[in-house]
Amino acid sequence: MVLGGARHGPAVGGISVDGPILVGVDGSEAGTRALDWAAGEAGVRRVALRLLHALPEPRAGRGNGPERDEARRLLDRAEQRVRRRVEGVEATGELVEGDAASALVARARDAGMVVVGTRGSGGLAGLMLGSVAFKVAAHSPVTVALASAVREPTTGRPEIVAGLDGTSAGAVLAEAFREASLWQAPLRVVHAFRFFQVPDPVHSAELAALLRRHRRAEERRIEEALAGWRTRFPDVPVTAEVVNDSARKALPRVSAGAQLVVVGPHDHRDPLMPLGSVTYTVIHRCGCPVLIARPA
């Protein structure tokens, strides 16, 4: 039975958190960390957890009976692990044949969030983001959490960091405030911009003044964006920071010690980089789970 006896989660700050959490299970170390993270998230959201394991399709003329039996045992162990870690979370497993990423993306339409490990059982050494995680993060219709570390299901945790850009700020703030409220954590909102400066000592004073005006304008814009969210989530302590640096450098630096980083997909419509360079860098360099927010 789900914590609190309800199948769906409560509304937090007027935002619905309904929908089960879908998590990929593959038996790898990264997959186990993702499972543990998803279990804690399901506990605070009071939603069900759906576990999915994809079994390769059998070759022509060959069955996969032994592999299927082992996959069932893997799912059973995963369900038992969830129940031991977080009391009251409903966890059910599903075994499918075919590509794991495609199966997760297809089932994500009925989920509130998809959680995957950053590397799977077949990942190459040195690659932080495995092929399944990359495909799910790039193509999921709902928010994706890439869990590279475990967040225990307790409150009073370190801060949550939200990285704002100009295209997905609403979705990022919605997820960041919701997570901060659920976990009773402080929220730090970071907007990084790169202000072009010419190393000309003759005009350095003018450039410095222009930079200050630009920073103040950005700070006012961020505060305006936060005003409504502060009202909806009065329980969340919020700090806002405007950083004169590239987002790829700023976000990993300011998120040191954070329990979660929330970013947008930063979709540049590049088929070779569907997540955008900022999101991809954050995934690789932040030592905590990364949540890629998408509009509801």
# chains A, B, ... in the order shown; residues from 1 in each chain; ligands from 1
call {"tool": "residues_around", "arguments": {"residues": "A:Ala54", "least_positions_apart": "6", "cutoff": "7 Å", "atoms": "only C-alpha atoms", "output": "PyMOL selection string"}}
result
chain A and resi 95-100
call {"tool": "write_last_selection", "arguments": {"atoms": "C-alpha atoms", "output": "PDB file, in the first residue's frame"}}
result
ATOM      1  CA  LEU A  95       9.585  -7.351 -17.659  1.00  0.00           C
ATOM      2  CA  VAL A  96       9.655  -6.384 -21.324  1.00  0.00           C
ATOM      3  CA  GLU A  97      11.573  -7.538 -24.373  1.00  0.00           C
ATOM      4  CA  GLY A  98      13.488  -5.130 -26.561  1.00  0.00           C
ATOM      5  CA  ASP A  99      15.306  -1.841 -26.151  1.00  0.00           C
ATOM      6  CA  ALA A 100      15.282  -0.497 -22.587  1.00  0.00           C
TER       7      ALA A 100
END
call {"tool": "residues_around", "arguments": {"residues": "A:Val172", "least_positions_apart": "5", "cutoff": "6 Å", "atoms": "only C-alpha atoms", "output": "list in words"}}
result
Val263, Gly264 and Ala293 of chain A
call {"tool": "residues_around", "arguments": {"residues": "stretch 113-117 of chain A", "least_positions_apart": "3", "cutoff": "7 Å", "atoms": "only C-alpha atoms", "output": "list of chain:residue names"}}
result
A:Ile21, A:Leu22, A:Val23, A:Gly24, A:Ala30, A:Gly31, A:Arg33, A:Ala34, A:Ala38, A:Ala108, A:Gly120, A:Ala133, A:Val142, A:Thr143, A:Val144, A:Ala145, A:Leu146, A:Ala147, A:Ser148
call {"tool": "select_by_dssp", "arguments": {"residues": "stretch 149-258 of chain A", "states": "strand (DSSP E)", "output": "list of chain:residue names"}}
result
A:Ile160, A:Val161, A:Ala162, A:Gly163, A:Leu164, A:Leu187, A:Arg188, A:Val189, A:Val190, A:His191, A:Ala192, A:Phe193, A:Val238, A:Thr239, A:Ala240, A:Glu241, A:Val242, A:Val243, A:Asn244
call {"tool": "closest_residue", "arguments": {"among": "A:Asp76, A:Thr118, A:Ser131, A:Leu207", "to": "A:Arg285", "atoms": "only C-alpha atoms"}}
result
A:Thr118
call {"tool": "atom_distance", "arguments": {"atom1": "atom CA of A:Val161", "atom2": "atom CA of A:Ser277"}}
result
18.1 Å
call {"tool": "closest_residue", "arguments": {"among": "A:Glu241, A:Glu175, A:Glu29, A:Glu159", "to": "A:His191", "atoms": "only C-alpha atoms"}}
result
A:Glu241
call {"tool": "residues_around", "arguments": {"residues": "A:Arg188", "least_positions_apart": "3", "cutoff": "6 Å", "atoms": "only C-alpha atoms", "output": "list in words"}}
result
Val161, Val238, Thr239 and Ala240 of chain A
call {"tool": "write_last_selection", "arguments": {"atoms": "N, CA, C and O atoms", "output": "PDB file, in the first residue's frame"}}
result
ATOM      1  N   VAL A 161      19.665  23.060  -5.990  1.00  0.00           N
ATOM      2  CA  VAL A 161      20.117  24.121  -6.887  1.00  0.00           C
ATOM      3  C   VAL A 161      19.313  24.070  -8.175  1.00  0.00           C
ATOM      4  O   VAL A 161      19.142  22.994  -8.764  1.00  0.00           O
ATOM      5  N   VAL A 238      14.563  30.626  -0.038  1.00  0.00           N
ATOM      6  CA  VAL A 238      15.112  30.776  -1.384  1.00  0.00           C
ATOM      7  C   VAL A 238      16.182  31.857  -1.412  1.00  0.00           C
ATOM      8  O   VAL A 238      16.011  32.931  -0.841  1.00  0.00           O
ATOM      9  N   THR A 239      17.279  31.558  -2.100  1.00  0.00           N
ATOM     10  CA  THR A 239      18.280  32.569  -2.413  1.00  0.00           C
ATOM     11  C   THR A 239      18.482  32.567  -3.924  1.00  0.00           C
ATOM     12  O   THR A 239      18.426  31.517  -4.563  1.00  0.00           O
ATOM     13  N   ALA A 240      18.688  33.749  -4.478  1.00  0.00           N
ATOM     14  CA  ALA A 240      18.896  33.884  -5.921  1.00  0.00           C
ATOM     15  C   ALA A 240      20.282  34.451  -6.175  1.00  0.00           C
ATOM     16  O   ALA A 240      20.755  35.333  -5.445  1.00  0.00           O
TER      17      ALA A 240
END
call {"tool": "closest_residue", "arguments": {"among": "A:Ala71, A:Ala192, A:Val44, A:Ala162", "to": "A:Val243", "atoms": "only C-alpha atoms"}}
result
A:Ala192
call {"tool": "atom_distance", "arguments": {"atom1": "atom CA of A:Tyr280", "atom2": "atom CA of A:Phe134"}}
result
9.2 Å
call {"tool": "atom_distance", "arguments": {"atom1": "atom CA of A:Val254", "atom2": "atom CA of A:Ser28"}}
result
29.5 Å
